[in-house]
file entry-v7.tsv (TSV, C-alpha atoms)
chain	number	residue	atom	x	y	z
A	985	MET	CA	2.04	13.83	-23.64
A	986	ALA	CA	5.01	13.55	-21.30
A	987	ASP	CA	2.80	12.44	-18.40
A	988	SER	CA	1.27	9.66	-20.50
A	989	ASN	CA	4.74	8.44	-21.45
A	990	LYS	CA	5.64	8.50	-17.76
A	991	SER	CA	2.71	6.24	-16.90
A	992	ILE	CA	3.72	3.70	-19.55
A	993	ALA	CA	7.32	3.67	-18.33
A	994	ALA	CA	6.18	3.13	-14.74
A	995	TYR	CA	4.53	-0.16	-15.70
A	996	ASP	CA	7.60	-1.39	-17.53
A	997	ASP	CA	9.14	-1.69	-14.04
A	998	LEU	CA	9.11	-5.42	-13.19
A	999	GLU	CA	8.91	-4.76	-9.43
A	1000	ARG	CA	5.83	-2.56	-9.88
A	1001	VAL	CA	4.18	-5.11	-12.17
A	1002	THR	CA	4.70	-8.10	-9.89
A	1003	SER	CA	3.28	-6.25	-6.86
A	1004	TYR	CA	0.44	-4.59	-8.77
A	1005	ASP	CA	-2.48	-6.83	-7.84
A	1006	ALA	CA	-1.57	-7.05	-4.15
A	1007	ASP	CA	-1.17	-3.26	-4.03
A	1008	MET	CA	-4.50	-2.74	-5.78
A	1009	ASP	CA	-6.31	-4.87	-3.22
A	1010	ILE	CA	-4.96	-2.62	-0.47
A	1011	MET	CA	-5.37	0.70	-2.27
A	1012	HIS	CA	-8.49	0.05	-4.37
A	1013	PRO	CA	-10.54	-2.81	-2.90
A	1014	ASN	CA	-13.62	-1.44	-4.67
A	1015	ARG	CA	-12.21	-2.59	-8.00
A	1016	HIS	CA	-13.85	-6.00	-7.51
A	1017	ARG	CA	-17.28	-4.38	-7.37
A	1018	MET	CA	-16.39	-1.94	-10.16
A	1019	VAL	CA	-15.53	-4.61	-12.71
A	1020	ASP	CA	-18.63	-6.55	-11.68
A	1021	VAL	CA	-20.71	-3.46	-12.51
A	1022	ILE	CA	-19.18	-3.34	-16.00
A	1023	VAL	CA	-19.98	-7.01	-16.56
A	1024	GLU	CA	-23.51	-6.57	-15.21
A	1025	VAL	CA	-24.24	-3.63	-17.50
A	1026	LEU	CA	-23.08	-5.57	-20.56
A	1027	ALA	CA	-25.01	-8.66	-19.47
A	1028	ALA	CA	-28.21	-6.60	-19.17
A	1029	GLY	CA	-28.05	-5.70	-22.87
A	1030	GLU	CA	-30.17	-7.30	-25.56
A	1031	SER	CA	-27.26	-9.42	-26.80
A	1032	ALA	CA	-23.95	-10.53	-25.37
A	1033	PRO	CA	-20.85	-8.81	-26.78
A	1034	SER	CA	-18.92	-10.73	-29.41
A	1035	TRP	CA	-15.90	-8.40	-29.60
A	1036	VAL	CA	-14.56	-6.43	-26.65
A	1037	LEU	CA	-11.73	-3.90	-26.65
A	1038	ASP	CA	-10.02	-3.61	-23.25
A	1039	LEU	CA	-7.98	-0.42	-22.82
A	1040	GLY	CA	-5.21	-0.69	-20.26
A	1041	THR	CA	-5.59	-4.41	-19.74
A	1042	GLY	CA	-2.94	-4.45	-17.02
A	1043	THR	CA	-2.82	-7.84	-15.34
A	1044	GLY	CA	-6.08	-8.95	-16.97
A	1045	PHE	CA	-8.26	-8.43	-13.89
A	1046	LEU	CA	-11.27	-7.05	-15.80
A	1047	LEU	CA	-10.70	-9.09	-18.94
A	1048	ARG	CA	-10.80	-12.41	-17.09
A	1049	ARG	CA	-14.19	-11.50	-15.60
A	1050	LEU	CA	-15.55	-10.55	-19.02
A	1051	LEU	CA	-14.32	-13.61	-20.87
A	1052	SER	CA	-15.56	-15.90	-18.10
A	1053	ARG	CA	-19.01	-14.31	-18.20
A	1054	PHE	CA	-19.34	-14.14	-21.99
A	1055	SER	CA	-18.21	-17.52	-23.22
A	1056	ARG	CA	-18.32	-16.64	-26.93
A	1057	ALA	CA	-16.66	-13.25	-26.70
A	1058	GLN	CA	-13.30	-12.44	-28.19
A	1059	ALA	CA	-11.18	-9.54	-27.02
A	1060	VAL	CA	-8.46	-7.15	-28.02
A	1061	ALA	CA	-6.22	-6.29	-25.07
A	1062	VAL	CA	-4.28	-3.03	-25.32
A	1063	ASP	CA	-1.65	-1.88	-22.86
A	1064	GLY	CA	1.42	0.32	-23.13
A	1065	ALA	CA	3.56	-2.02	-21.02
A	1066	ARG	CA	4.54	-5.42	-22.39
A	1067	PRO	CA	5.26	-6.88	-18.90
A	1068	MET	CA	1.67	-6.16	-17.90
A	1069	LEU	CA	0.29	-7.98	-20.94
A	1070	GLU	CA	2.52	-10.97	-20.24
A	1071	LEU	CA	1.11	-11.12	-16.72
A	1072	ALA	CA	-2.41	-10.83	-18.16
A	1073	ARG	CA	-1.72	-13.70	-20.54
A	1074	ALA	CA	-0.63	-15.87	-17.61
A	1075	ARG	CA	-3.66	-14.89	-15.53
A	1076	LEU	CA	-6.08	-15.67	-18.35
A	1077	GLY	CA	-4.69	-19.16	-18.91
A	1078	GLU	CA	-6.77	-21.02	-21.48
A	1079	LEU	CA	-8.95	-17.94	-21.98
A	1080	ALA	CA	-5.96	-16.23	-23.63
A	1081	VAL	CA	-6.65	-18.05	-26.91
A	1082	ARG	CA	-9.61	-15.69	-27.34
A	1083	VAL	CA	-7.48	-12.56	-26.92
A	1084	ASP	CA	-5.45	-10.49	-29.37
A	1085	PHE	CA	-2.77	-8.79	-27.24
A	1086	ARG	CA	-1.49	-5.47	-28.59
A	1087	VAL	CA	1.23	-3.32	-27.01
A	1088	GLY	CA	0.72	0.36	-27.65
A	1089	ASP	CA	-0.24	3.84	-26.56
A	1090	PHE	CA	-3.91	4.80	-26.16
A	1091	ARG	CA	-3.20	7.95	-28.17
A	1092	GLU	CA	-2.56	5.72	-31.19
A	1093	LEU	CA	-5.70	3.63	-30.74
A	1094	ALA	CA	-6.96	4.05	-34.29
A	1095	SER	CA	-3.79	2.54	-35.77
A	1096	LEU	CA	-3.54	-0.10	-33.04
A	1097	CYS	CA	-7.04	-1.31	-33.88
A	1098	ALA	CA	-6.79	-1.12	-37.67
A	1099	GLY	CA	-8.38	-4.10	-39.35
A	1100	LEU	CA	-10.60	-5.12	-36.46
A	1101	PRO	CA	-14.26	-5.96	-36.95
A	1102	ALA	CA	-16.82	-3.63	-35.35
A	1103	ILE	CA	-16.43	-3.68	-31.57
A	1104	ASP	CA	-19.42	-4.35	-29.31
A	1105	ALA	CA	-17.91	-2.88	-26.14
A	1106	VAL	CA	-14.93	-0.74	-25.21
A	1107	VAL	CA	-14.01	-1.18	-21.55
A	1108	SER	CA	-11.31	0.07	-19.24
A	1109	SER	CA	-10.35	-0.30	-15.59
A	1110	PHE	CA	-8.08	2.09	-13.66
A	1111	ALA	CA	-6.29	3.25	-16.81
A	1112	LEU	CA	-7.76	6.37	-18.39
A	1113	HIS	CA	-6.85	8.68	-15.49
A	1114	HIS	CA	-3.31	8.62	-16.92
A	1115	LEU	CA	-4.54	10.73	-19.86
A	1116	PRO	CA	-4.92	14.54	-19.87
A	1117	PRO	CA	-8.38	15.88	-20.75
A	1118	GLU	CA	-7.66	16.52	-24.42
A	1119	ALA	CA	-6.26	13.02	-24.94
A	1120	LYS	CA	-9.19	11.47	-23.08
A	1121	SER	CA	-11.62	13.35	-25.33
A	1122	ALA	CA	-9.78	12.18	-28.44
A	1123	LEU	CA	-9.81	8.61	-27.12
A	1124	ALA	CA	-13.57	8.77	-26.60
A	1125	GLU	CA	-14.03	9.90	-30.20
A	1126	THR	CA	-11.85	7.07	-31.51
A	1127	ALA	CA	-13.69	4.53	-29.36
A	1128	PHE	CA	-17.03	5.82	-30.66
A	1129	ALA	CA	-15.82	5.30	-34.25
A	1130	LEU	CA	-14.71	1.73	-33.49
A	1131	LEU	CA	-17.98	0.68	-31.88
A	1132	SER	CA	-20.88	-0.95	-33.68
A	1133	PRO	CA	-24.32	0.72	-33.30
A	1134	GLY	CA	-25.57	0.20	-29.77
A	1135	GLY	CA	-22.07	-0.60	-28.52
A	1136	TRP	CA	-21.02	0.36	-24.99
A	1137	PHE	CA	-18.14	2.40	-23.64
A	1138	LEU	CA	-17.63	1.59	-19.93
A	1139	SER	CA	-14.82	2.80	-17.70
A	1140	ALA	CA	-14.03	2.08	-14.05
A	1141	ASP	CA	-11.67	4.80	-12.93
A	1142	LEU	CA	-10.66	7.59	-10.59
A	1143	ILE	CA	-11.98	11.14	-10.43
A	1144	LEU	CA	-11.28	14.33	-8.52
A	1145	ALA	CA	-13.84	15.75	-6.11
A	1146	GLU	CA	-15.76	18.83	-7.20
A	1147	ASP	CA	-13.88	21.13	-4.82
A	1148	ASP	CA	-10.59	21.16	-2.93
A	1149	PHE	CA	-12.17	20.76	0.51
A	1150	VAL	CA	-13.94	17.53	-0.45
A	1151	GLU	CA	-10.86	16.30	-2.33
A	1152	ASP	CA	-8.71	16.70	0.79
A	1153	LEU	CA	-11.34	14.96	2.91
A	1154	THR	CA	-11.57	12.14	0.39
A	1155	GLN	CA	-7.81	11.67	0.40
A	1156	ARG	CA	-7.78	11.50	4.20
A	1157	LEU	CA	-10.51	8.87	4.15
A	1158	ARG	CA	-8.59	6.97	1.50
A	1159	ALA	CA	-5.35	7.01	3.51
A	1160	ARG	CA	-7.08	5.86	6.68
A	1161	GLY	CA	-8.72	2.99	4.84
A	1162	ILE	CA	-5.38	1.86	3.40
A	1163	VAL	CA	-3.69	2.01	6.82
A	1164	GLY	CA	-6.49	-0.10	8.26
A	1165	ARG	CA	-6.33	-2.73	5.51
A	1166	ALA	CA	-2.52	-2.90	5.70
A	1167	GLY	CA	-2.80	-3.63	9.42
A	1168	GLY	CA	0.79	-2.64	10.18
A	1169	ARG	CA	2.19	-5.28	7.82
A	1170	ASP	CA	3.41	-2.86	5.14
A	1171	ALA	CA	6.05	-0.24	5.93
A	1172	ARG	CA	4.59	2.09	3.31
A	1173	PHE	CA	1.25	2.27	5.09
A	1174	LEU	CA	1.95	2.53	8.82
A	1175	ASP	CA	0.18	5.85	9.38
A	1176	GLU	CA	-1.91	8.41	7.52
A	1177	ALA	CA	0.88	10.93	6.88
A	1178	GLY	CA	3.30	8.34	5.52
A	1179	THR	CA	0.57	6.78	3.39
A	1180	ARG	CA	-0.41	10.10	1.83
A	1181	ALA	CA	3.23	10.90	1.10
A	1182	TYR	CA	3.73	7.52	-0.57
A	1183	LEU	CA	0.57	7.88	-2.64
A	1184	GLY	CA	1.66	11.34	-3.76
A	1185	ARG	CA	5.00	10.02	-4.97
A	1186	LEU	CA	3.36	7.05	-6.70
A	1187	GLU	CA	0.84	9.22	-8.54
A	1188	GLU	CA	3.57	11.63	-9.63
A	1189	ASN	CA	5.76	8.78	-10.86
A	1190	GLU	CA	2.89	7.22	-12.82
A	1191	GLY	CA	1.63	10.47	-14.31
A	1192	ASP	CA	-1.83	10.29	-12.74
A	1193	GLN	CA	-4.12	13.15	-13.75
A	1194	PRO	CA	-7.72	12.29	-12.88
A	1195	GLN	CA	-10.39	14.84	-13.81
A	1196	ARG	CA	-13.65	15.90	-12.25
A	1197	LEU	CA	-16.65	13.72	-12.99
A	1198	GLY	CA	-18.34	16.38	-15.08
A	1199	SER	CA	-15.33	16.58	-17.38
A	1200	ASP	CA	-15.25	12.82	-17.96
A	1201	LEU	CA	-18.98	12.64	-18.65
A	1202	ALA	CA	-18.80	15.62	-21.00
A	1203	ALA	CA	-16.01	13.94	-23.00
A	1204	LEU	CA	-18.30	10.99	-23.69
A	1205	GLY	CA	-21.19	13.22	-24.65
A	1206	HIS	CA	-19.06	15.33	-26.98
A	1207	ALA	CA	-17.79	12.16	-28.67
A	1208	GLY	CA	-21.35	11.25	-29.59
A	1209	PHE	CA	-22.28	8.74	-26.88
A	1210	GLU	CA	-25.88	8.68	-25.69
A	1211	HIS	CA	-27.38	7.70	-22.34
A	1212	VAL	CA	-24.15	8.75	-20.61
A	1213	ALA	CA	-24.47	7.83	-16.96
A	1214	VAL	CA	-22.77	7.03	-13.67
A	1215	PHE	CA	-23.45	3.38	-12.89
A	1216	TRP	CA	-21.59	3.23	-9.59
A	1217	ARG	CA	-19.68	5.67	-7.38
A	1218	ASP	CA	-17.86	5.63	-4.06
A	1219	THR	CA	-16.08	8.95	-3.34
A	1220	ARG	CA	-13.23	9.13	-5.89
A	1221	GLU	CA	-13.97	5.88	-7.73
A	1222	VAL	CA	-16.63	5.61	-10.44
A	1223	VAL	CA	-18.00	3.47	-13.22
A	1224	ILE	CA	-19.29	5.59	-16.09
A	1225	GLY	CA	-20.41	4.79	-19.59
A	1226	GLY	CA	-22.50	5.52	-22.62
A	1227	VAL	CA	-24.01	3.87	-25.69
call {"tool": "encode", "arguments": {"input": "entry-v7.tsv", "output": "structure tokens"}}
result
Amino acid sequence: MADSNKSIAAYDDLERVTSYDADMDIMHPNRHRMVDVIVEVLAAGESAPSWVLDLGTGTGFLLRRLLSRFSRAQAVAVDGARPMLELARARLGELAVRVDFRVGDFRELASLCAGLPAIDAVVSSFALHHLPPEAKSALAETAFALLSPGGWFLSADLILAEDDFVEDLTQRLRARGIVGRAGGRDARFLDEAGTRAYLGRLEENEGDQPQRLGSDLAALGHAGFEHVAVFWRDTREVVIGGV
């Protein structure tokens, strides 16, 4: 529980919030493709979603794509940090009139979403890795209960490799990619060693605790989701979901 509180507190930091999108483009450039995969999966369904629940809305990066693609959809945006939701509201512009913004902890999702109609899709982007396994499993069960029959749960997030050797290799590849994209313009990312040290401090400060892919998929299956699958993967970044 303490680690989840730490992650919420980290995003109440105005400096971290204002630099978030620029940092994400350096550290996680795949997120553009990842949110597109979520939108594509939902668009391939028999009917467009009318109500979407976005967990960890952040700056509204995923939510803007969804609302732009599904012109009749309404959304509930949940995030533990009010400054993030304010930034999301600004990013969404006129689309924000279709969003119910709610500040709160994922672990209290049932109470946060009390009174909502049945949800057609629960989505999340780079948020659920802040939860420990037991909290992630409980969240999956709550999401399942909120969804209408045939509703989707889709998450774009981080995972650990299946063994320590591959995890270390993956982290080295990650650091080298960041150094290359930074191009010497960011003092945090001048070389591999400095980049890995910075990332370690950042993940500790934000309470990151990604799990292995098998654990995340099992949590969805145990919650009752069917057709649980990996829709996209690149080393430590995945899009998973179930119906």
call {"tool": "closest_atom_pairs", "arguments": {"input": "entry-v7.tsv", "of": "range 1155-1198 of chain A", "to": "range 1105-1129 of chain A", "cutoff": "8 Å", "atoms": "all atoms listed in the file", "output": "JSON lines"}}
result
{"residue": "A:Glu1190", "atom": "CA", "partner": "A:His1114", "partner_atom": "CA", "distance": 7.6}
{"residue": "A:Gly1191", "atom": "CA", "partner": "A:His1114", "partner_atom": "CA", "distance": 5.9}
{"residue": "A:Asp1192", "atom": "CA", "partner": "A:His1114", "partner_atom": "CA", "distance": 4.7}
{"residue": "A:Gln1193", "atom": "CA", "partner": "A:His1113", "partner_atom": "CA", "distance": 5.5}
{"residue": "A:Pro1194", "atom": "CA", "partner": "A:His1113", "partner_atom": "CA", "distance": 4.5}
{"residue": "A:Gln1195", "atom": "CA", "partner": "A:Pro1117", "partner_atom": "CA", "distance": 7.3}
call {"tool": "residues_around", "arguments": {"input": "entry-v7.tsv", "residues": "Asp1170 in chain A", "least_positions_apart": "3", "cutoff": "12 Å", "atoms": "all atoms listed in the file", "output": "VMD selection string"}}
result
chain A and resid 1006 to 1007 1010 1162 to 1167 1173 to 1175 1178 to 1179 1182
call {"tool": "residues_near_point", "arguments": {"input": "entry-v7.tsv", "point": "(-16.8, 20.7, -7.8)", "cutoff": "12 Å", "atoms": "all atoms listed in the file", "output": "ChimeraX atom specification"}}
result
/A:1143-1151,1195-1199
call {"tool": "residues_around", "arguments": {"input": "entry-v7.tsv", "residues": "Ala1027 in chain A", "least_positions_apart": "4", "cutoff": "10 Å", "atoms": "only C-alpha atoms", "output": "list in words"}}
result
Val1021, Ile1022, Val1023, Ser1031, Ala1032, Pro1033, Leu1050, Arg1053 and Phe1054 of chain A
call {"tool": "atom_distance", "arguments": {"input": "entry-v7.tsv", "atom1": "CA of Ala1171 in chain A", "atom2": "CA of Thr1154 in chain A"}}
result
22.2 Å
call {"tool": "residues_around", "arguments": {"input": "entry-v7.tsv", "residues": "Ala1072 in chain A", "least_positions_apart": "5", "cutoff": "7 Å", "atoms": "only C-alpha atoms", "output": "list in words"}}
result
Gly1042, Thr1043 and Gly1044 of chain A
call {"tool": "residues_around", "arguments": {"input": "entry-v7.tsv", "residues": "Val1223 in chain A", "least_positions_apart": "6", "cutoff": "7 Å", "atoms": "all atoms listed in the file", "output": "CSV table (one decimal) with C-alpha atoms, in the frame of the given file"}}
result
chain,number,residue,atom,x,y,z
A,1018,MET,CA,-16.4,-1.9,-10.2
A,1138,LEU,CA,-17.6,1.6,-19.9
A,1139,SER,CA,-14.8,2.8,-17.7
A,1140,ALA,CA,-14.0,2.1,-14.0
A,1141,ASP,CA,-11.7,4.8,-12.9
A,1214,VAL,CA,-22.8,7.0,-13.7
A,1215,PHE,CA,-23.4,3.4,-12.9
A,1216,TRP,CA,-21.6,3.2,-9.6
A,1217,ARG,CA,-19.7,5.7,-7.4
call {"tool": "atom_distance", "arguments": {"input": "entry-v7.tsv", "atom1": "CA of Ala1074 in chain A", "atom2": "CA of Leu1047 in chain A"}}
result
12.2 Å
call {"tool": "atom_distance", "arguments": {"input": "entry-v7.tsv", "atom1": "CA of Val1036 in chain A", "atom2": "CA of Asp1104 in chain A"}}
result
5.9 Å
